[in-house]
$ cat protein_8.cif   # mmCIF, C-alpha atoms
data_protein
loop_
_atom_site.label_atom_id
_atom_site.label_comp_id
_atom_site.auth_asym_id
_atom_site.auth_seq_id
_atom_site.Cartn_x
_atom_site.Cartn_y
_atom_site.Cartn_z
CA MET A 294 87.03 102.48 76.24
CA ASN A 295 87.38 101.12 72.72
CA VAL A 296 89.49 103.54 70.71
CA PRO A 297 88.89 103.66 66.94
CA ALA A 298 91.95 102.80 64.92
CA SER A 299 91.58 105.06 61.89
CA ARG A 300 93.20 108.47 62.03
CA ASP A 301 90.11 110.41 60.99
CA LYS A 302 88.29 109.11 64.07
CA ILE A 303 91.08 109.82 66.56
CA GLN A 304 91.35 113.22 68.19
CA LEU A 305 94.99 114.30 68.09
CA VAL A 306 96.68 117.07 70.03
CA ASN A 307 98.31 119.44 67.56
CA ALA A 308 100.43 122.50 68.22
CA GLU A 309 97.43 124.84 68.06
CA SER A 310 95.25 122.81 70.43
CA LEU A 311 98.18 122.44 72.84
CA GLU A 312 98.60 126.22 72.98
CA CYS A 313 94.90 126.60 73.77
CA GLU A 314 95.34 124.32 76.76
CA LEU A 315 98.54 126.08 77.81
CA ASN A 316 96.69 129.39 77.82
CA ARG A 317 94.28 127.86 80.32
CA VAL A 318 97.20 126.61 82.40
CA ARG A 319 98.86 130.03 82.33
CA ALA A 320 95.68 131.69 83.58
CA ALA A 321 95.35 129.25 86.49
CA ALA A 322 99.05 129.00 87.43
CA ALA A 323 100.21 129.80 90.95
CA GLY A 324 102.75 132.33 89.67
CA SER A 325 105.75 132.98 87.49
CA LEU A 326 108.26 131.58 90.00
CA SER A 327 105.89 129.16 91.73
CA GLY A 328 104.95 127.56 88.44
CA ILE A 329 101.71 125.77 87.72
CA PHE A 330 100.94 124.40 91.18
CA GLY A 331 103.13 126.09 93.80
CA PRO A 332 104.13 125.20 97.37
CA ARG A 333 100.60 125.19 98.79
CA SER A 334 99.34 122.66 96.26
CA VAL A 335 98.45 119.06 96.94
CA THR A 336 100.42 118.13 93.83
CA TRP A 337 103.66 119.37 95.40
CA GLN A 338 102.75 117.59 98.64
CA VAL A 339 102.46 114.27 96.79
CA ASP A 340 105.07 114.54 94.04
CA ARG A 341 107.89 115.73 96.29
CA GLU A 342 107.91 112.38 98.09
CA ALA A 343 110.47 109.80 96.99
CA ALA A 344 107.89 107.23 98.15
CA ILE A 345 105.81 107.75 95.02
CA PHE A 346 108.43 105.76 93.11
CA LEU A 347 107.23 102.67 94.94
CA GLY A 348 104.55 102.64 92.25
CA ALA A 349 106.75 103.41 89.25
CA GLY A 350 106.63 99.82 88.04
CA ARG A 351 102.86 99.73 88.37
CA ALA A 352 102.36 102.87 86.30
CA LEU A 353 104.72 101.60 83.61
CA LEU A 354 102.98 98.22 83.35
CA LEU A 355 99.51 99.76 83.22
CA GLN A 356 100.76 101.84 80.30
CA LEU A 357 102.42 98.84 78.64
CA ALA A 358 99.13 96.96 78.85
CA HIS A 359 97.74 99.38 76.27
CA PRO A 360 98.75 98.01 72.84
CA TRP A 361 99.47 101.49 71.50
CA VAL A 362 101.94 102.23 74.29
CA ALA A 363 103.59 98.82 73.99
CA ALA A 364 104.05 99.27 70.23
CA ALA A 365 105.40 102.80 70.68
CA ILE A 366 107.98 101.64 73.25
CA GLU A 367 109.03 98.73 71.07
CA GLN A 368 109.32 100.76 67.88
CA HIS A 369 110.47 104.19 69.07
CA SER A 370 111.95 104.07 72.57
CA ASP A 371 115.54 103.67 73.74
CA THR A 372 114.28 102.22 77.03
CA PHE A 373 116.31 99.03 76.71
CA ALA A 374 119.42 100.55 75.18
CA ASP A 375 119.61 103.25 77.86
CA PRO A 376 117.08 102.59 80.64
CA ILE A 377 118.66 104.94 83.19
CA GLY A 378 118.92 107.70 80.61
CA ARG A 379 115.30 107.14 79.62
CA PHE A 380 114.25 107.41 83.28
CA HIS A 381 116.20 110.64 83.68
CA ARG A 382 114.82 112.22 80.51
CA THR A 383 111.25 111.27 81.42
CA PHE A 384 111.42 112.75 84.89
CA SER A 385 113.34 115.79 83.73
CA VAL A 386 110.20 116.60 81.74
CA VAL A 387 107.68 115.56 84.40
CA PHE A 388 109.43 117.36 87.25
CA SER A 389 109.90 120.45 85.07
CA MET A 390 106.14 120.50 84.59
CA VAL A 391 105.40 120.03 88.29
CA PHE A 392 108.21 121.92 90.05
CA GLY A 393 109.55 124.26 87.39
CA SER A 394 108.81 127.95 87.02
CA LEU A 395 105.90 128.80 84.75
CA ASP A 396 108.24 129.20 81.77
CA GLN A 397 109.98 125.90 82.52
CA SER A 398 106.66 124.07 82.84
CA LEU A 399 105.30 125.38 79.56
CA SER A 400 108.60 124.70 77.80
CA ALA A 401 108.56 121.11 79.04
CA ALA A 402 104.99 120.67 77.80
CA ARG A 403 105.90 121.90 74.33
CA SER A 404 108.99 119.69 74.26
CA LEU A 405 106.97 116.62 75.22
CA HIS A 406 104.41 117.40 72.53
CA ARG A 407 107.12 117.70 69.86
CA ARG A 408 108.58 114.36 70.94
CA HIS A 409 105.16 112.72 70.86
CA THR A 410 104.48 114.09 67.39
CA GLU A 411 107.27 111.87 66.06
CA ILE A 412 105.90 108.73 67.74
CA LYS A 413 103.40 107.05 65.46
CA GLY A 414 103.18 103.78 63.59
CA GLN A 415 101.13 100.68 63.03
CA LEU A 416 100.36 97.71 65.22
CA PRO A 417 102.17 94.64 63.85
CA LEU A 418 99.50 92.26 65.21
CA ALA A 419 95.88 92.53 66.29
CA ALA A 420 95.41 93.27 70.00
CA GLY A 421 92.05 93.59 71.71
CA PRO A 422 89.89 96.04 69.74
CA PHE A 423 92.82 97.12 67.54
CA PRO A 424 93.28 95.24 64.24
CA ALA A 425 96.68 94.43 62.78
CA GLY A 426 98.01 97.38 60.79
CA SER A 427 95.89 99.93 62.63
CA CYS A 428 97.59 103.21 63.39
CA TYR A 429 98.63 104.57 66.75
CA TYR A 430 99.71 108.09 67.67
CA ALA A 431 101.38 109.17 70.92
CA ASN A 432 99.52 112.50 70.67
CA ALA A 433 96.12 110.82 70.46
CA VAL A 434 93.89 112.15 73.23
CA PRO A 435 92.60 108.73 74.41
CA ALA A 436 96.16 107.40 74.80
CA LEU A 437 97.27 110.57 76.60
CA CYS A 438 94.28 110.28 78.94
CA TRP A 439 95.28 106.76 79.92
CA VAL A 440 98.94 107.66 80.51
CA HIS A 441 97.88 110.70 82.55
CA ALA A 442 95.46 108.58 84.61
CA THR A 443 98.10 105.97 85.45
CA LEU A 444 100.49 108.67 86.69
CA ILE A 445 97.93 110.49 88.83
CA GLU A 446 96.32 107.43 90.41
CA THR A 447 99.60 105.61 91.01
CA ALA A 448 101.28 108.62 92.64
CA LEU A 449 98.52 108.93 95.22
CA LEU A 450 98.32 105.17 95.75
CA SER A 451 102.08 105.06 96.43
CA TYR A 452 101.91 108.09 98.72
CA GLU A 453 99.22 106.44 100.82
CA LEU A 454 101.24 103.22 101.15
CA VAL A 455 103.54 104.94 103.64
CA LEU A 456 101.87 108.23 104.63
CA PRO A 457 98.43 109.06 106.10
CA PRO A 458 95.66 108.62 103.53
CA PHE A 459 93.94 111.64 102.06
CA THR A 460 90.55 112.81 103.18
CA PRO A 461 87.83 112.85 100.49
CA GLU A 462 88.28 116.63 100.27
CA GLN A 463 92.05 116.35 99.77
CA ARG A 464 91.54 113.65 97.15
CA GLU A 465 89.11 115.87 95.26
CA HIS A 466 91.53 118.79 95.44
CA TYR A 467 94.34 116.56 94.16
CA TYR A 468 92.22 115.49 91.21
CA THR A 469 91.22 119.06 90.42
CA GLU A 470 94.90 120.00 90.21
CA SER A 471 95.59 116.95 88.07
CA ARG A 472 93.33 118.39 85.40
CA LEU A 473 95.84 121.22 84.98
CA PHE A 474 98.59 118.63 84.68
CA ALA A 475 96.51 116.98 81.94
CA ALA A 476 96.35 120.29 80.10
CA LEU A 477 100.16 120.23 79.87
CA PHE A 478 99.72 117.11 77.72
CA GLY A 479 97.21 119.02 75.60
CA ILE A 480 94.24 117.02 76.89
CA PRO A 481 91.05 119.12 76.66
CA ASP A 482 89.36 119.58 80.02
CA ASP A 483 85.99 118.35 78.76
CA TYR A 484 87.62 115.03 77.87
CA LEU A 485 88.43 114.31 81.53
CA PRO A 486 86.21 112.74 84.22
CA ARG A 487 84.41 115.41 86.23
CA ASP A 488 85.58 114.37 89.73
CA TRP A 489 87.52 111.72 91.65
CA ALA A 490 84.64 109.24 91.67
CA ALA A 491 84.25 109.49 87.90
CA PHE A 492 88.02 109.31 87.49
CA SER A 493 88.16 106.09 89.54
CA ALA A 494 85.28 104.67 87.51
CA TYR A 495 87.12 105.51 84.28
CA ILE A 496 90.26 103.70 85.42
CA ALA A 497 88.27 100.65 86.50
CA SER A 498 86.35 100.53 83.23
CA VAL A 499 89.50 100.71 81.10
CA ALA A 500 91.30 98.13 83.27
CA GLN A 501 88.40 95.72 82.84
CA SER A 502 87.95 96.31 79.11
CA ASP A 503 89.78 94.72 76.21
CA THR A 504 91.42 98.08 75.48
CA LEU A 505 94.11 96.87 77.88
CA THR A 506 95.31 93.76 76.10
CA VAL A 507 98.75 92.52 77.12
CA THR A 508 100.53 91.46 73.96
CA ASP A 509 103.32 88.89 73.87
CA GLN A 510 105.83 91.66 73.23
CA ALA A 511 104.47 93.74 76.14
CA ARG A 512 104.81 90.71 78.42
CA ILE A 513 108.44 90.20 77.40
CA MET A 514 109.23 93.91 77.87
CA ALA A 515 107.51 94.00 81.26
CA HIS A 516 109.49 91.10 82.70
CA ARG A 517 112.71 92.51 81.29
CA LEU A 518 112.07 95.96 82.77
CA ILE A 519 110.87 94.82 86.19
CA ALA A 520 113.85 92.47 86.52
CA GLY A 521 116.24 95.33 85.73
CA ALA A 522 117.82 93.12 83.08
CA ASP A 523 119.26 96.05 81.14
CA THR A 524 120.78 97.99 84.03
CA TRP A 525 123.62 97.47 86.46
CA LEU A 526 121.18 98.17 89.27
CA PRO A 527 119.48 94.96 90.49
CA VAL A 528 115.77 95.20 91.26
CA PRO A 529 114.95 93.65 94.65
CA THR A 530 112.52 90.74 94.55
CA SER A 531 110.42 92.56 97.15
CA TYR A 532 109.93 95.49 94.74
CA ARG A 533 108.89 93.11 91.99
CA ALA A 534 106.39 91.55 94.40
CA LEU A 535 105.10 95.01 95.35
CA THR A 536 104.62 95.91 91.69
CA ALA A 537 102.60 92.75 91.19
CA ALA A 538 100.56 93.50 94.31
CA LEU A 539 99.62 96.98 93.12
CA LEU A 540 98.35 95.87 89.72
CA PRO A 541 94.69 95.01 89.13
CA PRO A 542 94.48 91.19 89.39
CA GLN A 543 93.48 90.67 85.76
CA ILE A 544 96.40 92.79 84.52
CA ARG A 545 98.82 91.02 86.85
CA GLU A 546 97.67 87.67 85.51
CA ALA A 547 97.88 88.84 81.91
CA PHE A 548 101.51 89.83 82.44
CA GLY A 549 102.21 86.48 84.11
CA PHE A 550 103.47 87.82 87.44
CA LEU A 551 103.36 85.50 90.42
CA TYR A 552 101.67 86.73 93.57
CA GLY A 553 101.41 83.89 95.99
CA ALA A 554 101.97 83.55 99.72
CA ALA A 555 105.71 84.25 99.51
CA GLU A 556 105.20 87.42 97.49
CA GLN A 557 102.43 88.64 99.79
CA ARG A 558 104.66 88.12 102.81
CA ALA A 559 107.52 90.00 101.13
CA VAL A 560 105.21 92.93 100.36
CA ARG A 561 103.90 93.13 103.93
CA GLN A 562 107.44 93.16 105.31
CA LEU A 563 108.60 95.76 102.79
CA ILE A 564 105.74 98.17 103.46
CA ALA A 565 105.99 97.72 107.24
CA GLY A 566 109.70 98.54 107.15
CA ILE A 567 109.24 101.59 104.94
CA ARG A 568 106.39 102.92 107.10
CA ARG A 569 108.57 102.69 110.19
CA ALA A 570 111.61 104.38 108.65
CA TYR A 571 110.18 106.86 106.16
CA PRO A 572 108.95 109.61 108.54
CA PHE A 573 112.44 109.81 110.05
CA LEU A 574 114.30 110.32 106.78
CA PRO A 575 115.99 113.72 106.47
CA ALA A 576 114.29 116.01 103.97
CA ARG A 577 117.27 115.83 101.63
CA LEU A 578 116.63 112.11 101.16
CA ARG A 579 112.87 112.06 101.48
CA TYR A 580 112.10 114.83 98.98
CA VAL A 581 113.12 114.65 95.32
CA GLY A 582 115.80 117.06 94.12
CA PRO A 583 113.54 119.10 91.80
CA TYR A 584 111.26 119.93 94.73
CA GLN A 585 114.27 121.10 96.74
CA GLU A 586 115.33 123.22 93.77
CA ALA A 587 111.86 124.77 93.56
CA GLU A 588 111.91 125.64 97.27
CA GLN A 589 115.29 127.31 96.87
CA ARG A 590 114.11 129.20 93.79
CA LEU A 591 111.20 130.60 95.78
CA ALA A 592 113.61 131.55 98.56
CA GLY A 593 115.47 133.76 96.09
CA LYS A 594 118.45 131.54 95.25
CA ALA A 595 119.66 131.88 91.68
CA ARG A 596 120.95 128.30 91.61
CA PRO A 597 120.29 125.20 93.71
CA ASP A 598 122.92 124.36 96.32
CA ILE A 599 125.43 121.54 95.97
CA VAL A 600 123.33 118.96 97.84
CA THR A 601 120.31 119.68 95.66
CA ARG A 602 122.43 119.48 92.53
CA LEU A 603 123.63 116.05 93.64
CA CYS A 604 120.04 114.97 94.35
CA ASN A 605 119.02 116.18 90.91
CA ARG A 606 121.79 114.09 89.36
CA PHE A 607 120.13 111.05 90.89
CA TRP A 608 116.55 111.93 89.94
CA ILE A 609 116.90 113.63 86.55
CA GLY A 610 120.51 112.98 85.51
CA ARG A 611 121.47 116.65 85.58
CA ALA A 612 122.29 119.26 88.20
CA GLU A 613 119.27 121.52 87.56
CA LEU A 614 115.89 121.50 85.93
CA PRO A 615 116.33 122.61 82.32
CA ARG A 616 116.29 126.34 81.78
CA GLU A 617 116.29 125.90 78.04
CA PRO A 618 113.63 123.92 76.11
CA VAL A 619 113.70 120.29 77.26
CA GLY A 620 114.97 117.98 74.55
#
$ encode --input "protein_8.cif" --output "structure tokens"
Amino acid sequence: MNVPASRDKIQLVNAESLECELNRVRAAAAGSLSGIFGPRSVTWQVDREAAIFLGAGRALLLQLAHPWVAAAIEQHSDTFADPIGRFHRTFSVVFSMVFGSLDQSLSAARSLHRRHTEIKGQLPLAAGPFPAGSCYYANAVPALCWVHATLIETALLSYELVLPPFTPEQREHYYTESRLFAALFGIPDDYLPRDWAAFSAYIASVAQSDTLTVTDQARIMAHRLIAGADTWLPVPTSYRALTAALLPPQIREAFGFLYGAAEQRAVRQLIAGIRRAYPFLPARLRYVGPYQEAEQRLAGKARPDIVTRLCNRFWIGRAELPREPVG
């Protein structure tokens, strides 16, 4: 997927086009309290699991491999100055979209769009099909499609590392729901692959194209992030090995991650241990706080209980999903 670099050839999501997509979301939503997807959805089944964060590094690196994303993080993000805060703010938005009420989900979508509107610039150096000085925009539909794809595919991949794999029918249902999630980014439905097979083909084609070109700066950022160099929280070597294992081989090599016999052994041991222990985790540890909050909201509780508020502090850095517009 070679994306043109001039603005007049790039389809951007503006406020009007976002509202058109949000109208479609509103019409298909599970309900006012249930939000977009609701408790019977495959999306809730997948995204409630803490296990999906096994793939967080993979999703981030697949995004960083796109020169537009790498430039945006370098020029606009506070990821290195406040990595934990950045994590919390990101998942405050994402979990508001997935587990919030309908109003919370739509508010989070509008907030994300406003933030993306401010993220634009020029590539300092040529990268793949993008010449030096070419413009990038966070609200460009092709870039949003790639970010959306990395989140959807990686979540299911991580889920299936430790839990029973989906049937073809479940996978198709999951992808159908993901198209509503895409609409929260403002991505038009006709811009998306028609089914899971086409979606998988899209990801493979982008991963094998020069659209994903790992720049020197992206490589430096990737190693810094995966090592946890800017946090007090050390990243286990086994997690770094797992991240390398989950990447397409050509992307792994482009980032310069080792994946030899020692790393493969570490990954096998890590996954085997998680598979043994994970089904026995209590729900309070296994399911993310925002999911627990959503369940309590549907049960008629005005506010999440103390344990859920503590879980939310861990996952989104605050006691509750935002009730006001997400900033």
$ resolve_selection --input "protein_8.cif" --expression "the PyMOL selection byres ((chain A and resi 441) around 12)" --output "ChimeraX atom specification"
/A:352-353,355-356,387,434-440,442-448,468,471-480,485-486,492,496
$ atom_distance --input "protein_8.cif" --atom1 "atom CA of A:Gln543" --atom2 "atom CA of A:Thr504"
12.8 Å
$ residues_near_point --input "protein_8.cif" --point "(97.9, 126.2, 85.3)" --cutoff "6 Å" --atoms "only C-alpha atoms" --output "MDAnalysis selection string"
chainID A and resid 318:319 321:322 329 473
$ residues_around --input "protein_8.cif" --residues "A:Ala358" --least-positions-apart "2" --cutoff "9 Å" --atoms "all atoms listed in the file" --output "PyMOL selection string"
chain A and resi 353-356+360-363+504-508+511-512+544+547-548
$ write_last_selection --input "protein_8.cif" --atoms "C-alpha atoms" --output "compact mmCIF listing (two decimals), in the frame of the given file"
# COMPACT_ATOMS: atom_id res chain seq x y z
CA LEU A 353 104.72 101.60 83.61
CA LEU A 354 102.98 98.22 83.35
CA LEU A 355 99.51 99.76 83.22
CA GLN A 356 100.76 101.84 80.30
CA PRO A 360 98.75 98.01 72.84
CA TRP A 361 99.47 101.49 71.50
CA VAL A 362 101.94 102.23 74.29
CA ALA A 363 103.59 98.82 73.99
CA THR A 504 91.42 98.08 75.48
CA LEU A 505 94.11 96.87 77.88
CA THR A 506 95.31 93.76 76.10
CA VAL A 507 98.75 92.52 77.12
CA THR A 508 100.53 91.46 73.96
CA ALA A 511 104.47 93.74 76.14
CA ARG A 512 104.81 90.71 78.42
CA ILE A 544 96.40 92.79 84.52
CA ALA A 547 97.88 88.84 81.91
CA PHE A 548 101.51 89.83 82.44
$ atom_distance --input "protein_8.cif" --atom1 "atom CA of A:Ala612" --atom2 "atom CA of A:Tyr580"
15.5 Å
$ closest_residue --input "protein_8.cif" --among "A:Val391, A:Ala500, A:Val455, A:Leu405" --to "A:Ala308" --atoms "all atoms listed in the file"
A:Leu405
$ closest_residue --input "protein_8.cif" --among "A:Ile599, A:Ala554, A:Leu399, A:Ala365" --to "A:Gly414" --atoms "all atoms listed in the file"
A:Ala365
